[in-house]
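my_file-v6.cif (mmCIF, C-alpha atoms and all ligand atoms) appears below.
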data_work
loop_
_atom_site.label_atom_id
_atom_site.label_comp_id
_atom_site.auth_asym_id
_atom_site.auth_seq_id
_atom_site.Cartn_x
_atom_site.Cartn_y
_atom_site.Cartn_z
CA MET A 1 -6.75 -166.44 -1.03
CA LYS A 2 -9.77 -164.36 -0.23
CA GLU A 3 -12.00 -166.92 -1.89
CA GLN A 4 -10.20 -169.73 -0.08
CA LEU A 5 -10.93 -168.07 3.23
CA ALA A 6 -14.56 -167.43 2.34
CA LYS A 7 -14.97 -171.07 1.33
CA ILE A 8 -13.45 -172.34 4.55
CA GLU A 9 -15.70 -170.05 6.54
CA ARG A 10 -18.84 -171.19 4.73
CA GLU A 11 -18.05 -174.88 4.98
CA ALA A 12 -16.86 -174.67 8.55
CA LEU A 13 -19.92 -172.75 9.75
CA GLU A 14 -22.26 -175.27 8.15
CA ALA A 15 -20.40 -178.21 9.63
CA ILE A 16 -20.08 -176.67 13.09
CA THR A 17 -23.73 -175.67 13.44
CA GLY A 18 -24.71 -179.18 12.32
CA ALA A 19 -22.48 -180.98 14.87
CA GLU A 20 -24.52 -183.53 16.80
CA ASN A 21 -22.36 -184.06 19.85
CA PRO A 22 -19.33 -182.61 21.66
CA ALA A 23 -16.96 -185.18 20.14
CA ALA A 24 -17.95 -184.29 16.59
CA LEU A 25 -17.60 -180.61 17.46
CA GLU A 26 -14.09 -181.14 18.81
CA GLU A 27 -13.16 -182.98 15.62
CA LEU A 28 -14.29 -179.95 13.58
CA ARG A 29 -12.35 -177.55 15.76
CA VAL A 30 -9.17 -179.53 15.12
CA ARG A 31 -9.97 -179.82 11.44
CA TYR A 32 -10.36 -176.09 10.89
CA LEU A 33 -8.47 -174.34 13.67
CA GLY A 34 -5.91 -176.93 14.78
CA LYS A 35 -2.19 -176.70 14.10
CA LYS A 36 -2.61 -178.77 10.96
CA GLY A 37 -6.06 -177.33 10.29
CA GLU A 38 -7.35 -175.82 7.07
CA LEU A 39 -7.31 -172.23 8.27
CA THR A 40 -3.79 -172.58 9.56
CA ALA A 41 -2.75 -174.01 6.22
CA VAL A 42 -4.04 -170.89 4.48
CA LEU A 43 -2.28 -168.62 6.96
CA LYS A 44 0.99 -170.38 6.21
CA GLN A 45 0.73 -169.14 2.64
CA MET A 46 0.67 -165.51 3.77
CA GLY A 47 4.39 -165.25 3.19
CA LYS A 48 3.81 -165.52 -0.53
CA LEU A 49 1.68 -162.38 -0.57
CA SER A 50 3.00 -158.95 -1.41
CA ALA A 51 3.70 -156.67 1.56
CA GLN A 52 0.81 -154.56 0.35
CA ASP A 53 -1.83 -157.30 0.45
CA ARG A 54 -0.61 -158.97 3.62
CA PRO A 55 -2.24 -156.73 6.31
CA ALA A 56 -5.73 -156.88 4.78
CA MET A 57 -5.52 -160.63 4.29
CA GLY A 58 -4.18 -161.10 7.81
CA ALA A 59 -7.12 -159.15 9.24
CA LEU A 60 -9.56 -161.20 7.19
CA ALA A 61 -8.03 -164.47 8.34
CA ASN A 62 -8.23 -163.37 11.96
CA GLU A 63 -11.86 -162.42 11.52
CA VAL A 64 -12.68 -165.85 10.09
CA ARG A 65 -10.84 -167.46 13.00
CA SER A 66 -12.80 -165.52 15.60
CA VAL A 67 -16.14 -166.15 13.87
CA LEU A 68 -15.41 -169.87 13.86
CA GLU A 69 -14.25 -169.82 17.50
CA GLU A 70 -17.42 -168.02 18.61
CA THR A 71 -19.63 -170.39 16.68
CA ILE A 72 -17.87 -173.40 18.18
CA GLU A 73 -18.33 -171.99 21.68
CA LEU A 74 -22.03 -171.27 21.11
CA THR A 75 -22.64 -174.70 19.60
CA SER A 76 -20.83 -176.32 22.48
CA GLN A 77 -23.13 -174.54 24.95
CA LYS A 78 -26.19 -175.59 23.00
CA LEU A 79 -25.08 -179.22 22.95
CA ALA A 80 -24.43 -179.19 26.70
CA ALA A 81 -27.85 -177.70 27.39
CA ALA A 82 -29.51 -180.30 25.18
CA ALA A 83 -27.64 -183.11 26.93
CA LEU A 84 -28.71 -181.82 30.34
CA ASP A 85 -32.26 -181.52 29.14
CA LEU A 86 -32.22 -185.14 27.98
CA LYS A 87 -30.75 -186.31 31.28
CA MET A 88 -33.38 -184.42 33.26
CA LYS A 89 -36.14 -186.00 31.22
CA ALA A 90 -34.65 -189.48 31.65
CA GLU A 91 -34.32 -189.04 35.41
CA ALA A 92 -37.60 -187.21 35.90
CA LEU A 93 -39.14 -187.82 39.30
CA ASP A 94 -42.86 -187.66 39.83
CA VAL A 95 -43.14 -186.36 43.34
CA THR A 96 -46.90 -186.80 43.31
CA ILE A 97 -46.73 -190.63 43.19
CA PRO A 98 -47.51 -191.93 46.70
CA GLY A 99 -44.30 -193.22 48.36
CA GLN A 100 -43.67 -196.58 49.97
CA GLU A 101 -43.91 -196.07 53.68
CA ALA A 102 -40.93 -197.44 55.59
CA ALA A 103 -42.27 -199.21 58.68
CA LEU A 104 -40.09 -197.83 61.48
CA GLY A 105 -39.97 -199.76 64.70
CA HIS A 106 -39.54 -198.14 68.08
CA LYS A 107 -38.08 -198.85 71.46
CA HIS A 108 -39.44 -201.71 73.53
CA PRO A 109 -41.20 -200.44 76.69
CA MET A 110 -38.64 -202.14 78.90
CA TYR A 111 -35.81 -200.33 77.14
CA ILE A 112 -37.72 -197.05 77.38
CA ALA A 113 -37.81 -197.62 81.14
CA LEU A 114 -34.12 -198.64 81.16
CA ASP A 115 -33.09 -195.50 79.27
CA GLU A 116 -35.00 -193.38 81.78
CA ILE A 117 -33.26 -195.16 84.66
CA LYS A 118 -29.84 -194.69 83.06
CA ASP A 119 -30.57 -190.99 82.49
CA ILE A 120 -31.55 -190.50 86.11
CA PHE A 121 -28.35 -192.12 87.40
CA VAL A 122 -26.04 -190.56 84.83
CA GLY A 123 -27.50 -187.23 85.97
CA MET A 124 -26.28 -188.08 89.48
CA GLY A 125 -22.76 -188.84 88.25
CA PHE A 126 -23.01 -192.63 87.89
CA THR A 127 -21.16 -194.58 85.20
CA VAL A 128 -23.06 -197.24 83.22
CA LEU A 129 -21.28 -200.62 83.05
CA ASP A 130 -21.88 -203.71 80.94
CA GLY A 131 -20.78 -207.18 82.05
CA PRO A 132 -20.77 -210.87 81.11
CA GLU A 133 -23.89 -213.03 81.29
CA VAL A 134 -21.76 -216.18 81.43
CA GLU A 135 -20.16 -215.60 84.81
CA LEU A 136 -17.82 -217.32 87.22
CA ALA A 137 -19.46 -218.63 90.38
CA SER A 138 -16.65 -216.90 92.26
CA TYR A 139 -18.01 -213.54 91.12
CA ASN A 140 -21.68 -214.48 91.32
CA PHE A 141 -21.36 -216.03 94.81
CA ASP A 142 -17.96 -216.37 96.59
CA LYS A 143 -16.81 -212.77 96.38
CA LEU A 144 -20.37 -211.72 97.30
CA ASN A 145 -20.12 -213.51 100.63
CA ALA A 146 -22.41 -216.39 99.59
CA GLU A 147 -20.33 -219.35 100.72
CA GLU A 148 -20.60 -222.98 99.53
CA GLY A 149 -23.92 -224.43 100.57
CA HIS A 150 -25.82 -221.15 100.34
CA PRO A 151 -29.33 -221.98 99.06
CA SER A 152 -29.04 -219.63 96.05
CA ARG A 153 -26.14 -221.78 94.74
CA ASP A 154 -28.40 -224.81 94.45
CA TRP A 155 -28.55 -226.66 91.12
CA SER A 156 -32.32 -226.40 91.16
CA ASP A 157 -32.08 -222.59 90.98
CA THR A 158 -29.01 -221.93 88.86
CA PHE A 159 -27.92 -222.74 85.28
CA TYR A 160 -24.39 -224.18 85.57
CA PHE A 161 -22.22 -225.13 82.61
CA ASP A 162 -19.90 -227.58 84.38
CA ALA A 163 -20.15 -230.36 86.94
CA ASP A 164 -18.07 -228.44 89.52
CA SER A 165 -20.48 -225.47 89.49
CA ARG A 166 -17.78 -223.00 88.55
CA VAL A 167 -19.18 -221.43 85.39
CA MET A 168 -22.80 -220.33 85.21
CA LEU A 169 -25.36 -217.99 83.71
CA ARG A 170 -25.33 -215.15 86.22
CA SER A 171 -28.35 -215.29 88.52
CA GLN A 172 -28.05 -211.60 89.42
CA THR A 173 -26.21 -208.48 88.26
CA SER A 174 -24.47 -208.24 91.67
CA PRO A 175 -21.19 -209.78 90.33
CA MET A 176 -20.83 -206.39 88.62
CA GLN A 177 -20.27 -204.91 92.10
CA VAL A 178 -17.17 -207.06 92.43
CA ARG A 179 -16.00 -206.41 88.85
CA ALA A 180 -16.30 -202.66 89.48
CA MET A 181 -14.51 -202.84 92.86
CA GLU A 182 -11.67 -204.85 91.32
CA THR A 183 -11.12 -202.53 88.36
CA MET A 184 -12.26 -199.00 89.21
CA PRO A 185 -10.58 -196.35 91.36
CA LEU A 186 -12.45 -195.19 94.47
CA PRO A 187 -14.90 -193.56 94.97
CA ILE A 188 -17.23 -195.59 92.74
CA ARG A 189 -20.71 -194.84 91.45
CA ILE A 190 -22.02 -197.33 88.90
CA VAL A 191 -25.18 -198.80 87.45
CA ALA A 192 -24.96 -202.09 85.52
CA PRO A 193 -28.04 -203.28 83.63
CA GLY A 194 -28.33 -206.69 81.99
CA ARG A 195 -29.92 -210.12 81.65
CA VAL A 196 -29.94 -212.63 84.49
CA TYR A 197 -31.07 -216.28 84.57
CA ARG A 198 -32.82 -218.48 87.10
CA LYS A 199 -34.60 -221.84 86.86
CA ASP A 200 -38.11 -220.40 87.21
CA GLU A 201 -41.30 -221.48 85.44
CA VAL A 202 -42.96 -218.84 83.29
CA ASP A 203 -46.00 -217.17 84.88
CA ALA A 204 -47.44 -213.65 85.23
CA THR A 205 -44.48 -212.55 87.38
CA HIS A 206 -41.68 -215.05 86.58
CA SER A 207 -39.42 -215.92 83.67
CA PRO A 208 -36.17 -217.97 83.50
CA MET A 209 -34.54 -214.93 81.90
CA PHE A 210 -35.17 -211.44 83.13
CA HIS A 211 -33.32 -208.16 83.55
CA GLN A 212 -31.84 -206.38 86.52
CA VAL A 213 -30.16 -203.05 87.04
CA GLU A 214 -27.42 -203.16 89.64
CA GLY A 215 -26.42 -199.95 91.37
CA MET A 216 -23.51 -199.31 93.71
CA VAL A 217 -21.86 -196.43 95.51
CA ILE A 218 -18.62 -196.66 97.50
CA ASP A 219 -17.26 -193.56 99.14
CA LYS A 220 -16.39 -192.21 102.58
CA ASN A 221 -19.22 -191.74 105.11
CA VAL A 222 -21.90 -193.30 102.89
CA THR A 223 -24.99 -194.27 104.88
CA MET A 224 -28.35 -195.99 104.57
CA ALA A 225 -29.92 -192.50 104.41
CA ASP A 226 -28.08 -191.91 101.10
CA LEU A 227 -29.43 -195.21 99.80
CA LYS A 228 -33.03 -194.41 100.73
CA GLY A 229 -32.77 -190.83 99.44
CA THR A 230 -31.40 -192.00 96.11
CA LEU A 231 -33.98 -194.75 95.65
CA ASN A 232 -36.89 -192.48 96.61
CA LEU A 233 -35.67 -189.93 94.08
CA LEU A 234 -35.47 -192.69 91.47
CA ALA A 235 -39.06 -193.78 92.24
CA GLU A 236 -40.41 -190.22 91.98
CA GLN A 237 -38.60 -189.50 88.73
CA LEU A 238 -39.64 -192.80 87.21
CA PHE A 239 -43.22 -193.12 88.43
CA GLY A 240 -44.17 -189.52 89.17
CA ALA A 241 -44.11 -187.10 92.10
CA GLY A 242 -45.72 -188.41 95.26
CA THR A 243 -44.99 -192.08 94.46
CA VAL A 244 -45.27 -194.02 97.70
CA THR A 245 -42.44 -196.42 98.56
CA ARG A 246 -41.76 -198.65 101.52
CA PHE A 247 -38.58 -200.31 102.76
CA ARG A 248 -38.81 -203.72 104.45
CA PRO A 249 -35.95 -205.48 106.27
CA HIS A 250 -34.59 -208.42 104.30
CA HIS A 251 -31.51 -210.62 104.00
CA PHE A 252 -28.80 -210.80 101.34
CA PRO A 253 -25.38 -212.36 101.96
CA PHE A 254 -23.56 -209.34 100.49
CA THR A 255 -25.34 -206.50 102.30
CA GLU A 256 -25.82 -205.73 105.98
CA PRO A 257 -28.30 -204.35 106.84
CA SER A 258 -30.44 -205.37 103.86
CA CYS A 259 -33.88 -204.30 102.69
CA GLU A 260 -36.37 -204.58 99.89
CA MET A 261 -38.15 -201.58 98.40
CA ASP A 262 -41.80 -201.78 97.35
CA VAL A 263 -43.83 -199.23 95.44
CA GLN A 264 -47.54 -198.93 95.90
CA CYS A 265 -49.49 -200.96 93.29
CA HIS A 266 -50.50 -198.88 90.26
CA LYS A 267 -53.62 -200.96 89.58
CA CYS A 268 -55.32 -200.71 92.95
CA GLY A 269 -53.45 -197.88 94.67
CA GLY A 270 -52.67 -200.14 97.62
CA ALA A 271 -56.06 -201.78 98.18
CA GLY A 272 -54.93 -205.17 96.83
CA CYS A 273 -55.65 -206.71 93.40
CA PRO A 274 -54.45 -209.59 91.16
CA THR A 275 -51.50 -207.51 89.82
CA CYS A 276 -50.01 -207.09 93.30
CA LYS A 277 -51.33 -210.50 94.40
CA GLY A 278 -53.64 -208.77 96.87
CA GLU A 279 -50.80 -207.07 98.71
CA GLY A 280 -51.19 -203.48 97.51
CA TRP A 281 -47.41 -203.23 96.98
CA ILE A 282 -45.01 -204.35 94.27
CA GLU A 283 -41.46 -205.26 95.21
CA ILE A 284 -39.05 -203.78 92.69
CA LEU A 285 -35.62 -204.07 94.26
CA GLY A 286 -33.33 -205.46 96.92
CA ALA A 287 -30.70 -203.26 98.51
CA GLY A 288 -28.49 -202.66 101.50
CA MET A 289 -25.16 -201.48 102.89
CA ILE A 290 -22.30 -203.44 101.35
CA HIS A 291 -21.08 -206.11 103.77
CA PRO A 292 -17.56 -205.43 105.16
CA ASN A 293 -16.52 -208.94 104.04
CA VAL A 294 -17.39 -208.08 100.45
CA LEU A 295 -15.36 -204.86 100.56
CA ARG A 296 -12.43 -206.68 102.15
CA MET A 297 -12.48 -209.51 99.58
CA SER A 298 -12.12 -206.91 96.80
CA GLY A 299 -9.29 -205.18 98.60
CA ILE A 300 -11.21 -202.22 100.02
CA ASP A 301 -10.73 -201.23 103.66
CA PRO A 302 -14.19 -201.17 105.35
CA GLU A 303 -12.76 -198.97 108.13
CA ILE A 304 -12.26 -196.15 105.60
CA TRP A 305 -14.83 -196.82 102.91
CA SER A 306 -18.51 -197.72 103.05
CA GLY A 307 -21.09 -198.20 100.36
CA TRP A 308 -24.53 -199.30 99.35
CA ALA A 309 -25.89 -201.37 96.51
CA PHE A 310 -29.23 -202.25 95.02
CA GLY A 311 -30.51 -204.70 92.41
CA MET A 312 -33.68 -203.69 90.64
CA GLY A 313 -35.97 -205.91 88.57
CA LEU A 314 -36.29 -204.17 85.24
CA GLU A 315 -39.43 -205.95 83.98
CA ARG A 316 -41.28 -205.17 87.17
CA THR A 317 -40.18 -201.57 87.01
CA ALA A 318 -41.34 -201.26 83.39
CA MET A 319 -44.65 -202.93 84.37
CA ARG A 320 -45.16 -200.40 87.12
CA ARG A 321 -43.99 -197.54 84.89
CA PHE A 322 -46.37 -198.42 82.03
CA LYS A 323 -49.12 -200.09 84.08
CA ILE A 324 -48.65 -203.52 82.45
CA SER A 325 -50.33 -206.33 84.34
CA ASP A 326 -48.60 -209.47 83.03
CA LEU A 327 -44.85 -210.08 82.64
CA ARG A 328 -45.42 -212.35 79.65
CA LEU A 329 -46.63 -209.39 77.57
CA ILE A 330 -43.13 -207.93 77.80
CA PHE A 331 -41.53 -210.98 76.18
CA GLU A 332 -44.21 -212.03 73.68
CA ASN A 333 -43.30 -209.20 71.31
CA ASP A 334 -46.85 -208.87 69.98
CA VAL A 335 -46.63 -205.74 67.87
CA ARG A 336 -50.19 -204.71 68.80
CA PHE A 337 -49.05 -204.59 72.42
CA LEU A 338 -45.66 -202.99 71.81
CA GLU A 339 -47.04 -200.22 69.60
CA GLN A 340 -48.94 -198.77 72.55
CA PHE A 341 -45.84 -197.27 74.14
N1 LIG A 401 -28.86 -209.35 93.83
C1 LIG A 401 -30.05 -209.27 94.62
C2 LIG A 401 -31.16 -210.11 93.97
O1 LIG A 401 -30.99 -210.53 92.86
C3 LIG A 401 -30.52 -207.85 94.78
C4 LIG A 401 -29.57 -206.98 95.53
C5 LIG A 401 -28.59 -206.27 94.88
C6 LIG A 401 -29.65 -206.87 96.90
C7 LIG A 401 -27.74 -205.44 95.57
C8 LIG A 401 -28.81 -206.04 97.62
C9 LIG A 401 -27.84 -205.34 96.94
O2 LIG A 401 -32.18 -210.35 94.57
#

Exercise: express the given structure as structure tokens:
Amino acid sequence: MKEQLAKIEREALEAITGAENPAALEELRVRYLGKKGELTAVLKQMGKLSAQDRPAMGALANEVRSVLEETIELTSQKLAAAALDLKMKAEALDVTIPGQEAALGHKHPMYIALDEIKDIFVGMGFTVLDGPEVELASYNFDKLNAEEGHPSRDWSDTFYFDADSRVMLRSQTSPMQVRAMETMPLPIRIVAPGRVYRKDEVDATHSPMFHQVEGMVIDKNVTMADLKGTLNLLAEQLFGAGTVTRFRPHHFPFTEPSCEMDVQCHKCGGAGCPTCKGEGWIEILGAGMIHPNVLRMSGIDPEIWSGWAFGMGLERTAMRRFKISDLRLIFENDVRFLEQF
């Protein structure tokens, strides 16, 4: 039996140390140490030994078992290390090879300006709203106090979808005033940026599609002084401290009184140049106190509530903000131009 054990040990050690992969190793473990393994088979014969020989033989068998177990464990570790080594070599990464540069775009100057505008108003507690570009004429005109026959409703100015002039591409963001009044609890403070459409020829200051930012406040005791204070703050934050603005009387059907706000031309500082068409000022928005009719039509009592609204041209604002002289540059998307901002 002693020789049997020695033989098993010799053979097993040779086989185990020569195992080429974990599966082969596992096979050997079963073959020698498993329930039906060779070593176990020898141990089963122990009963035949004399009581005298049994302890010594038992000790020997246990020793062989633990030698084999240790060797299997060591071999298993070696195989794992070798496998990892191989994997590392196969997946080796040369960090010195120059990478492929991902060309990252960046924000369009007009959206940079828009984000600044949103930040300024959000900082004053306004909510930013989004609304439909395909709009009902009732929202774009009727509920804004622009009755049938108003010149802005003319077919030569407005893109209608139907013969009865009921569905249209919105010509202003002002319908968002009505949508806010109809759906939001009072008091209301909103800004609503978006695209608007008018039948204009393209030139340095016109495009059939452009962007506006509508703003509106409705609360108790709101006055024109609040409107001017807010818009002057906007101009200073957007264009820098000391920016000069001017308010001119104007007319809109949905505000009374109404005004337009100009900022001094960035190109000539007010002297007059091609960018400001010789006027020294650039008009960037229309505004005014919301007409009582408009409040009433949306179910708000003008005896209790008052409010103001403005509609700002976003392209013009971005042009003033970034000193861009031609509106067409904003839409051409020439990367050489856009990369400057
Ligand atoms: N909607 C007007 C325009 O497009 C601007 C405006 C908005 C005027 C809000 C007054 C109040 O010209």

How would you write, as a PyMOL selection string, the set of residues no farther than 8 Å from ligand LIG 401 (chain A) when counting all atoms listed in the file? chain A and resi 171-174+212+214-216+252+254-255+258-260+285-290+308-312

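From CA of Ala41 (chain A) back to CA of Met57 (chain A), the distance works out to 13.8 Å.
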
Provide the CA of Gly272 (chain A) to CA of Ser325 (chain A) distance in Å, to one decimal place. 13.4 Å

Using only C-alpha atoms, which protein or nucleic acid residues come within 9 Å of Ile190 (chain A)? Drop anything in the same chain fewer than 3 positions from it, and give the result as an mmCIF file with C-alpha atoms, keeping the file's coordinate frame.
data_model
loop_
_atom_site.group_PDB
_atom_site.id
_atom_site.type_symbol
_atom_site.label_atom_id
_atom_site.label_comp_id
_atom_site.auth_asym_id
_atom_site.auth_seq_id
_atom_site.Cartn_x
_atom_site.Cartn_y
_atom_site.Cartn_z
ATOM 1 C CA PHE A 121 -28.350 -192.120 87.400
ATOM 2 C CA VAL A 122 -26.040 -190.560 84.830
ATOM 3 C CA GLY A 125 -22.760 -188.840 88.250
ATOM 4 C CA PHE A 126 -23.010 -192.630 87.890
ATOM 5 C CA THR A 127 -21.160 -194.580 85.200
ATOM 6 C CA VAL A 128 -23.060 -197.240 83.220
ATOM 7 C CA LEU A 129 -21.280 -200.620 83.050
ATOM 8 C CA GLN A 177 -20.270 -204.910 92.100
ATOM 9 C CA ALA A 180 -16.300 -202.660 89.480
ATOM 10 C CA GLU A 214 -27.420 -203.160 89.640
ATOM 11 C CA GLY A 215 -26.420 -199.950 91.370
ATOM 12 C CA MET A 216 -23.510 -199.310 93.710
ATOM 13 C CA VAL A 217 -21.860 -196.430 95.510
#

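Residues in contact with Ala56 (chain A) at 12 Å, where only C-alpha atoms are counted and same-chain residues fewer than 5 positions away are skipped, are listed as A:Met1, A:Lys2, A:Met46, A:Leu49, A:Ser50, A:Ala51, A:Ala61, A:Asn62, A:Glu63.
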
Show me, as a list in words, the residues that have an atom within 12 Å of Cys268 (chain A) when counting all atoms listed in the file, minus same-chain residues fewer than 3 positions from it. Val263, Gln264, Cys265, Ala271, Gly272, Cys273, Pro274, Thr275, Cys276, Lys277, Gly278, Glu279, Gly280, Trp281, Ile282, Arg320, Lys323 and Ser325 of chain A

Could you please take those selected residues and save C-alpha atoms as a PDB file, in the frame of the given file?
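This went into out12.pdb:
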ATOM      1  CA  VAL A 263     -43.830-199.230  95.440  1.00  0.00           C
ATOM      2  CA  GLN A 264     -47.540-198.930  95.900  1.00  0.00           C
ATOM      3  CA  CYS A 265     -49.490-200.960  93.290  1.00  0.00           C
ATOM      4  CA  ALA A 271     -56.060-201.780  98.180  1.00  0.00           C
ATOM      5  CA  GLY A 272     -54.930-205.170  96.830  1.00  0.00           C
ATOM      6  CA  CYS A 273     -55.650-206.710  93.400  1.00  0.00           C
ATOM      7  CA  PRO A 274     -54.450-209.590  91.160  1.00  0.00           C
ATOM      8  CA  THR A 275     -51.500-207.510  89.820  1.00  0.00           C
ATOM      9  CA  CYS A 276     -50.010-207.090  93.300  1.00  0.00           C
ATOM     10  CA  LYS A 277     -51.330-210.500  94.400  1.00  0.00           C
ATOM     11  CA  GLY A 278     -53.640-208.770  96.870  1.00  0.00           C
ATOM     12  CA  GLU A 279     -50.800-207.070  98.710  1.00  0.00           C
ATOM     13  CA  GLY A 280     -51.190-203.480  97.510  1.00  0.00           C
ATOM     14  CA  TRP A 281     -47.410-203.230  96.980  1.00  0.00           C
ATOM     15  CA  ILE A 282     -45.010-204.350  94.270  1.00  0.00           C
ATOM     16  CA  ARG A 320     -45.160-200.400  87.120  1.00  0.00           C
ATOM     17  CA  LYS A 323     -49.120-200.090  84.080  1.00  0.00           C
ATOM     18  CA  SER A 325     -50.330-206.330  84.340  1.00  0.00           C
TER      19      SER A 325
END

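With only C-alpha atoms as the atoms that count, the minimum distance from Phe141 (chain A) to the choices A:Gly18, A:Pro253, A:Met124, A:Asp115 is reached by A:Pro253.
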
Nearest to Lys199 (chain A), restricted to all atoms listed in the file and choosing among A:Leu231, A:Ala15, A:Leu169, A:Ala6, comes out as A:Leu169

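Candidate residues A:Leu338, A:Ile117, A:Ala102, A:Ile324 were compared for distance to Glu236 (chain A), and the nearest is A:Ile117, using all atoms listed in the file.
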
Contact residues around Thr71 (chain A) with all atoms listed in the file at 8 Å, ignoring same-chain residues under 3 positions, as a list in words: Leu13, Ile16, Thr17, Val67, Leu68, Leu74 and Thr75 of chain A

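Across the model, the gap from CA of Ile218 (chain A) to CA of Arg189 (chain A) is 6.7 Å.
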
Contacts of region 292-303 of chain A at 7 Å or less, counting only C-alpha atoms, minus same-chain residues fewer than 6 places along, as an MDAnalysis selection string? chainID A and resid 143:145 178 181:182 254

Let me make sure I understand: among A:Asp157, A:Glu20, A:Asp130, A:Asp200, which one has the smallest atom-to-atom distance to Met176 (chain A) if we use only C-alpha atoms? A:Asp130

Could I get region 13-26 of chain A rebuilt with N, CA, C and O atoms, written as a short mmCIF file (atom, residue, chain, number, x, y, z; two decimals), in the coordinates of the input?
data_model
loop_
_atom_site.label_atom_id
_atom_site.label_comp_id
_atom_site.auth_asym_id
_atom_site.auth_seq_id
_atom_site.Cartn_x
_atom_site.Cartn_y
_atom_site.Cartn_z
N LEU A 13 -18.72 -173.17 9.02
CA LEU A 13 -19.92 -172.75 9.75
C LEU A 13 -21.04 -173.77 9.59
O LEU A 13 -21.71 -174.15 10.56
N GLU A 14 -21.20 -174.29 8.40
CA GLU A 14 -22.26 -175.27 8.15
C GLU A 14 -22.02 -176.53 8.97
O GLU A 14 -22.91 -177.04 9.64
N ALA A 15 -20.73 -176.97 8.91
CA ALA A 15 -20.40 -178.21 9.63
C ALA A 15 -20.56 -178.03 11.13
O ALA A 15 -21.14 -178.87 11.83
N ILE A 16 -20.06 -176.89 11.63
CA ILE A 16 -20.08 -176.67 13.09
C ILE A 16 -21.52 -176.58 13.60
O ILE A 16 -21.89 -177.24 14.59
N THR A 17 -22.36 -175.82 12.94
CA THR A 17 -23.73 -175.67 13.44
C THR A 17 -24.50 -176.98 13.32
O THR A 17 -25.50 -177.18 13.99
N GLY A 18 -24.01 -177.89 12.46
CA GLY A 18 -24.71 -179.18 12.32
C GLY A 18 -24.14 -180.27 13.22
O GLY A 18 -24.64 -181.40 13.21
N ALA A 19 -23.11 -179.94 14.02
CA ALA A 19 -22.48 -180.98 14.87
C ALA A 19 -23.50 -181.55 15.84
O ALA A 19 -24.28 -180.82 16.44
N GLU A 20 -23.48 -182.90 15.98
CA GLU A 20 -24.52 -183.53 16.80
C GLU A 20 -24.10 -183.81 18.24
O GLU A 20 -24.94 -184.07 19.08
N ASN A 21 -22.80 -183.81 18.47
CA ASN A 21 -22.36 -184.06 19.85
C ASN A 21 -21.00 -183.42 20.08
O ASN A 21 -20.31 -183.03 19.14
N PRO A 22 -20.59 -183.30 21.33
CA PRO A 22 -19.33 -182.61 21.66
C PRO A 22 -18.12 -183.22 20.96
O PRO A 22 -17.20 -182.50 20.58
N ALA A 23 -18.12 -184.54 20.77
CA ALA A 23 -16.96 -185.18 20.14
C ALA A 23 -16.84 -184.73 18.68
O ALA A 23 -15.74 -184.39 18.20
N ALA A 24 -17.97 -184.71 17.99
CA ALA A 24 -17.95 -184.29 16.59
C ALA A 24 -17.50 -182.82 16.49
O ALA A 24 -16.74 -182.45 15.60
N LEU A 25 -17.94 -182.03 17.45
CA LEU A 25 -17.60 -180.61 17.46
C LEU A 25 -16.09 -180.42 17.63
O LEU A 25 -15.45 -179.62 16.95
N GLU A 26 -15.53 -181.23 18.55
CA GLU A 26 -14.09 -181.14 18.81
C GLU A 26 -13.30 -181.53 17.55
O GLU A 26 -12.30 -180.91 17.20
#
